[in-house]
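Have a look at target00.cif; it's mmCIF, C-alpha atoms:
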data_upload
#
loop_
_atom_site.label_atom_id
_atom_site.label_comp_id
_atom_site.auth_asym_id
_atom_site.auth_seq_id
_atom_site.Cartn_x
_atom_site.Cartn_y
_atom_site.Cartn_z
CA MET Y 1 112.68 121.65 115.08
CA SER Y 2 111.95 122.13 118.78
CA ASP Y 3 110.26 119.56 120.99
CA ILE Y 4 107.64 122.22 121.73
CA SER Y 5 106.44 122.15 118.11
CA SER Y 6 106.16 118.36 118.05
CA THR Y 7 104.44 118.27 121.45
CA THR Y 8 101.90 120.85 120.32
CA ILE Y 9 101.12 118.90 117.16
CA ILE Y 10 100.76 115.65 119.10
CA LYS Y 11 98.37 117.29 121.58
CA LYS Y 12 96.23 118.68 118.78
CA ILE Y 13 96.09 115.28 117.11
CA GLY Y 14 95.09 113.70 120.42
CA LYS Y 15 92.16 116.14 120.56
CA SER Y 16 91.28 115.39 116.91
CA ASN Y 17 92.16 118.97 115.90
CA PHE Y 18 93.63 117.62 112.69
CA ALA Y 19 92.99 120.71 110.55
CA THR Y 20 95.31 122.84 112.72
CA ALA Y 21 97.86 120.07 113.29
CA VAL Y 22 98.59 118.55 109.88
CA ASP Y 23 98.27 119.07 106.14
CA PHE Y 24 99.77 117.41 103.10
CA TYR Y 25 102.27 118.43 100.47
CA LEU Y 26 102.52 116.91 97.00
CA GLN Y 27 105.61 115.38 95.44
CA PRO Y 28 105.23 115.10 91.66
CA ILE Y 29 105.66 111.72 89.98
CA PHE Y 30 107.09 111.76 86.47
CA ASP Y 31 107.14 109.54 83.42
CA VAL Y 32 110.90 109.39 82.86
CA SER Y 33 110.48 108.52 79.19
CA THR Y 34 108.73 111.84 78.49
CA PHE Y 35 109.66 113.92 81.57
CA LYS Y 36 106.00 114.78 82.06
CA CYS Y 37 104.31 114.92 85.44
CA VAL Y 38 101.71 112.16 85.55
CA GLY Y 39 100.81 112.02 89.24
CA ALA Y 40 101.77 112.97 92.76
CA GLU Y 41 102.31 111.50 96.20
CA ALA Y 42 100.47 113.09 99.14
CA LEU Y 43 102.96 113.56 101.98
CA MET Y 44 101.86 114.46 105.50
CA ARG Y 45 103.35 117.52 107.15
CA GLY Y 46 102.88 118.93 110.64
CA LEU Y 47 101.80 122.54 111.18
CA HIS Y 48 103.01 124.79 113.99
CA ARG Y 49 102.47 128.53 113.72
CA HIS Y 50 104.21 129.48 110.47
CA SER Y 51 106.42 126.39 110.34
CA VAL Y 52 106.04 123.14 108.42
CA ILE Y 53 107.18 120.13 110.44
CA SER Y 54 108.52 116.89 109.01
CA PRO Y 55 106.47 113.85 110.07
CA GLY Y 56 109.68 112.30 111.37
CA GLU Y 57 109.53 114.84 114.18
CA PHE Y 58 106.21 113.64 115.60
CA LEU Y 59 104.78 110.52 113.96
CA HIS Y 60 107.00 108.07 115.84
CA HIS Y 61 105.45 109.34 119.08
CA LEU Y 62 102.03 108.28 117.79
CA GLU Y 63 102.89 104.83 116.45
CA GLY Y 64 100.78 102.18 118.12
CA SER Y 65 98.37 104.75 119.55
CA ASP Y 66 94.66 105.05 118.86
CA ASP Y 67 95.32 108.37 117.12
CA MET Y 68 97.07 106.93 114.06
CA THR Y 69 94.00 105.58 112.30
CA PRO Y 70 91.81 108.73 112.55
CA LEU Y 71 94.84 110.86 111.63
CA GLY Y 72 95.50 108.74 108.55
CA ASN Y 73 91.83 108.78 107.60
CA TYR Y 74 91.77 112.58 107.86
CA ILE Y 75 94.73 112.97 105.47
CA LEU Y 76 93.15 110.39 103.18
CA HIS Y 77 89.90 112.36 103.04
CA GLN Y 78 91.67 115.68 102.41
CA ALA Y 79 93.84 114.19 99.66
CA LEU Y 80 90.86 112.65 97.88
CA ARG Y 81 88.96 115.93 98.03
CA PHE Y 82 91.90 117.82 96.54
CA LEU Y 83 92.28 115.20 93.83
CA GLN Y 84 88.62 115.43 92.85
CA GLU Y 85 88.20 119.20 93.14
CA GLN Y 86 91.54 120.54 91.90
CA ILE Y 87 93.43 117.92 89.90
CA LEU Y 88 91.04 115.70 87.97
CA PRO Y 89 88.97 118.53 86.40
CA ARG Y 90 92.20 119.78 84.81
CA LYS Y 91 94.12 116.53 84.39
CA PRO Y 92 91.71 113.57 84.32
CA ASP Y 93 94.54 111.08 83.76
CA PHE Y 94 96.52 112.12 86.85
CA PHE Y 95 96.85 109.68 89.71
CA MET Y 96 97.67 110.18 93.38
CA THR Y 97 99.49 107.91 95.79
CA ILE Y 98 98.41 108.14 99.43
CA ASN Y 99 100.15 106.53 102.38
CA LEU Y 100 98.33 104.13 104.67
CA CYS Y 101 99.72 103.06 108.01
CA THR Y 102 99.28 99.40 108.84
CA GLN Y 103 96.87 100.31 111.64
CA GLN Y 104 94.45 101.67 109.04
CA VAL Y 105 94.75 98.52 106.95
CA ASN Y 106 94.18 96.33 110.01
CA ASP Y 107 91.05 98.20 111.07
CA ALA Y 108 88.00 95.95 110.62
CA ARG Y 109 86.06 99.04 109.48
CA PHE Y 110 88.65 100.12 106.91
CA ARG Y 111 86.92 98.67 103.86
CA ASP Y 112 83.66 100.46 104.73
CA ILE Y 113 85.52 103.70 105.53
CA LEU Y 114 87.34 103.62 102.21
CA THR Y 115 84.19 102.83 100.25
CA ASP Y 116 82.32 105.70 101.91
CA LEU Y 117 85.15 108.15 101.21
CA PHE Y 118 85.17 107.34 97.51
CA LEU Y 119 81.39 107.65 97.33
CA THR Y 120 81.50 110.97 99.16
CA THR Y 121 84.31 112.53 97.13
CA GLY Y 122 83.41 110.98 93.77
CA VAL Y 123 87.03 110.09 93.00
CA PRO Y 124 87.42 107.22 90.52
CA VAL Y 125 89.09 104.26 92.20
CA SER Y 126 91.42 103.96 89.20
CA GLN Y 127 93.13 107.29 90.00
CA VAL Y 128 94.47 106.37 93.44
CA ILE Y 129 97.27 104.10 94.65
CA PHE Y 130 97.51 103.35 98.37
CA GLU Y 131 101.04 102.95 99.74
CA ILE Y 132 101.34 100.61 102.70
CA THR Y 133 103.96 101.93 105.10
CA GLY Y 134 105.33 100.45 108.29
CA PRO Y 135 106.68 97.00 109.21
CA VAL Y 136 105.33 94.02 107.29
CA GLU Y 137 104.79 91.95 110.43
CA ALA Y 138 102.18 94.47 111.59
CA ILE Y 139 99.70 93.32 108.92
CA THR Y 140 97.13 91.10 110.65
CA PRO Y 141 94.80 88.50 109.11
CA VAL Y 142 92.09 91.20 109.16
CA GLY Y 143 94.41 93.50 107.25
CA GLN Y 144 95.22 90.80 104.73
CA ALA Y 145 91.52 90.16 104.19
CA ASN Y 146 90.93 93.91 103.70
CA LEU Y 147 93.67 94.10 101.09
CA CYS Y 148 92.41 91.03 99.25
CA GLN Y 149 88.79 92.20 99.15
CA LEU Y 150 89.65 95.76 98.17
CA ARG Y 151 91.97 94.63 95.37
CA GLU Y 152 89.16 92.45 94.02
CA GLU Y 153 86.98 95.58 94.00
CA GLY Y 154 89.51 97.50 91.91
CA TYR Y 155 91.54 99.38 94.54
CA ALA Y 156 95.29 99.54 93.86
CA PHE Y 157 97.94 99.10 96.54
CA ALA Y 158 101.70 99.56 96.66
CA TRP Y 159 104.38 98.28 98.99
CA ASP Y 160 106.60 101.14 100.10
CA ASP Y 161 110.38 101.17 100.78
CA VAL Y 162 111.30 98.00 98.89
CA ALA Y 163 115.10 97.78 98.69
CA THR Y 164 116.15 94.11 98.65
CA LEU Y 165 115.13 90.71 97.33
CA ALA Y 166 114.17 89.83 100.90
CA ASP Y 167 111.80 92.82 100.97
CA VAL Y 168 110.13 91.65 97.77
CA ALA Y 169 109.67 88.08 99.02
CA GLN Y 170 108.51 89.10 102.48
CA LYS Y 171 106.01 91.74 101.42
CA MET Y 172 104.55 89.83 98.50
CA ALA Y 173 104.05 86.86 100.83
CA VAL Y 174 101.86 89.05 103.03
CA SER Y 175 99.81 90.37 100.10
CA ALA Y 176 100.22 90.74 96.38
CA CYS Y 177 100.28 94.39 95.31
CA ASP Y 178 99.79 96.25 92.05
CA TYR Y 179 102.69 98.67 92.58
CA VAL Y 180 106.02 98.75 94.39
CA LYS Y 181 107.90 101.88 95.48
CA LEU Y 182 111.59 101.20 94.83
CA ASP Y 183 113.56 102.60 97.76
CA ARG Y 184 116.00 105.44 97.12
CA SER Y 185 118.88 103.31 98.43
CA CYS Y 186 118.62 101.17 95.29
CA LEU Y 187 119.84 104.10 93.20
CA LYS Y 188 123.09 104.61 95.09
CA GLN Y 189 126.29 104.26 93.10
CA GLY Y 190 127.55 100.68 93.10
CA ASN Y 191 124.12 99.13 93.59
CA SER Y 192 123.46 98.47 89.93
CA GLU Y 193 123.59 94.67 89.98
CA PRO Y 194 121.51 94.06 93.15
CA THR Y 195 119.03 96.72 92.03
CA HIS Y 196 118.60 94.95 88.70
CA GLU Y 197 117.82 91.76 90.61
CA VAL Y 198 115.25 93.55 92.78
CA ILE Y 199 113.59 95.12 89.74
CA CYS Y 200 113.38 91.76 87.97
CA ALA Y 201 111.88 90.13 91.07
CA ILE Y 202 109.23 92.84 91.34
CA GLN Y 203 108.36 92.60 87.66
CA GLN Y 204 107.96 88.83 87.98
CA HIS Y 205 105.10 89.62 90.37
CA ASP Y 206 103.48 91.77 87.64
CA ALA Y 207 103.82 94.87 89.81
CA VAL Y 208 104.48 98.34 88.36
CA ILE Y 209 107.53 100.06 89.85
CA ILE Y 210 107.69 103.69 90.96
CA ALA Y 211 111.26 104.67 91.80
CA GLU Y 212 111.92 107.03 94.70
CA GLY Y 213 114.82 109.39 95.28
CA VAL Y 214 115.85 109.99 91.66
CA GLU Y 215 118.46 112.76 91.58
CA THR Y 216 120.49 112.34 88.36
CA MET Y 217 119.96 111.76 84.66
CA ALA Y 218 122.15 108.66 84.91
CA GLN Y 219 119.64 107.17 87.30
CA THR Y 220 116.77 107.81 84.88
CA SER Y 221 118.77 106.09 82.14
CA MET Y 222 119.29 103.06 84.36
CA LEU Y 223 115.58 102.94 85.20
CA LEU Y 224 114.54 103.16 81.55
CA LYS Y 225 117.01 100.40 80.70
CA HIS Y 226 115.07 98.16 83.09
CA ASN Y 227 111.63 99.31 81.88
CA VAL Y 228 110.90 101.46 84.93
CA VAL Y 229 109.16 104.60 83.68
CA ARG Y 230 107.61 106.18 86.78
CA ALA Y 231 109.78 108.01 89.27
CA GLN Y 232 109.95 110.80 91.80
CA GLY Y 233 112.82 112.65 93.39
CA PHE Y 234 114.70 115.92 93.59
CA LEU Y 235 115.75 115.67 89.93
CA PHE Y 236 112.12 116.41 89.10
CA SER Y 237 110.82 118.26 92.14
CA ARG Y 238 110.86 118.50 95.91
CA PRO Y 239 107.54 118.14 97.76
CA MET Y 240 105.41 121.21 97.07
CA ARG Y 241 102.59 123.13 98.68
CA LYS Y 242 99.25 122.38 97.05
CA THR Y 243 98.99 125.88 95.62
CA ASP Y 244 102.46 125.59 94.07
CA PHE Y 245 101.65 122.18 92.63
CA THR Y 246 98.45 123.52 91.09
CA ARG Y 247 100.21 126.51 89.56
CA THR Y 248 103.17 124.50 88.23
CA TYR Y 249 101.57 121.31 86.93
CA LEU Y 250 97.88 121.96 86.43
#
Encoded form using structure tokens:
Amino acid sequence: MSDISSTTIIKKIGKSNFATAVDFYLQPIFDVSTFKCVGAEALMRGLHRHSVISPGEFLHHLEGSDDMTPLGNYILHQALRFLQEQILPRKPDFFMTINLCTQQVNDARFRDILTDLFLTTGVPVSQVIFEITGPVEAITPVGQANLCQLREEGYAFAWDDVATLADVAQKMAVSACDYVKLDRSCLKQGNSEPTHEVICAIQQHDAVIIAEGVETMAQTSMLLKHNVVRAQGFLFSRPMRKTDFTRTYL
């Protein structure tokens, strides 16, 4: 994608024109024991004319800027509204995972913002999992306090991109989490033994695993063997437009 598209999106975000700059797609999450769709991850996408832009094209230009938190909060609000208005009336047991950048978590106002959003949208706290993305060292004491207080109030959090035993130890030392997203690299051929060790380490922390990047039936068999039942990946579905998700799974 051209630099012009990314530059245009970044300028719109800088002016808080979020509705014309970004939207979100949904990647279905499946129960691999039944092959039924049980949830979805909201994935940010950039918008430029008639094109959909990968976040990798523009987000890295915004990292560390004051625009990241309001941008993340906008996507969060839109995802919660879609969950409440379109998904839960049809599938009340569905859940949604929504990414949070560490700047959102570190915001002293984040707990109040999150509470207000759930009151406004009416979404049950139990139907949402927040994925913490970005480097672990970026979580500040304020962010740790936010996570601790929100978990005590029933909010669920997940560490994203966990691939090694070091990842498990490092991230759980920052904050305990209810879920862990198992990185797609763990499913590569030849990684069976280290992946088993990572899965066992996660389960010892009483965290539920959601595997990413599942592409083959052999991988689902391996996951089931290790009591991992939630997964997403191209074997099940690519990220979808909201209208396609609604038509296909709701």
Exercise: stretch 98-115 of chain Y partners within 7 Å, all atoms listed in the file, chain neighbours under 3 positions left out, as a ChimeraX atom specification: /Y:41-42,69,72,76,118-119,129-134,138-140,142-143,146,150
When the PyMOL selection byres ((chain Y and resi 199-208) around 6) is applied to the structure above, which residues does it catch, written out as a compact mmCIF listing (two decimals) with C-alpha atoms, in the coordinates of the input?
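Result written to result.txt:
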# COMPACT_ATOMS: atom_id res chain seq x y z
CA ASP Y 178 99.79 96.25 92.05
CA TYR Y 179 102.69 98.67 92.58
CA HIS Y 196 118.60 94.95 88.70
CA GLU Y 197 117.82 91.76 90.61
CA VAL Y 198 115.25 93.55 92.78
CA ILE Y 209 107.53 100.06 89.85
Which distance in Å separates atom CA of Y:His48 and atom CA of Y:Tyr74, to one decimal? 17.7 Å
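Closest to Y:Glu212 among Y:Met68, Y:Leu182, Y:Leu165, Y:Leu117 is Y:Leu182, based on only C-alpha atoms.
Picture a line from atom CA of Y:Val168 to atom CA of Y:Arg45; it runs 28.3 Å.
Interatomic distance, atom CA of Y:Ser51 to atom CA of Y:Ile4: 12.2 Å.
Of the residues under consideration (Y:Gly122, Y:Gly14, Y:Met44, Y:Arg90), Y:Met44 shows the shortest atom-to-atom contact distance to Y:Gly56 when counting all atoms listed in the file.
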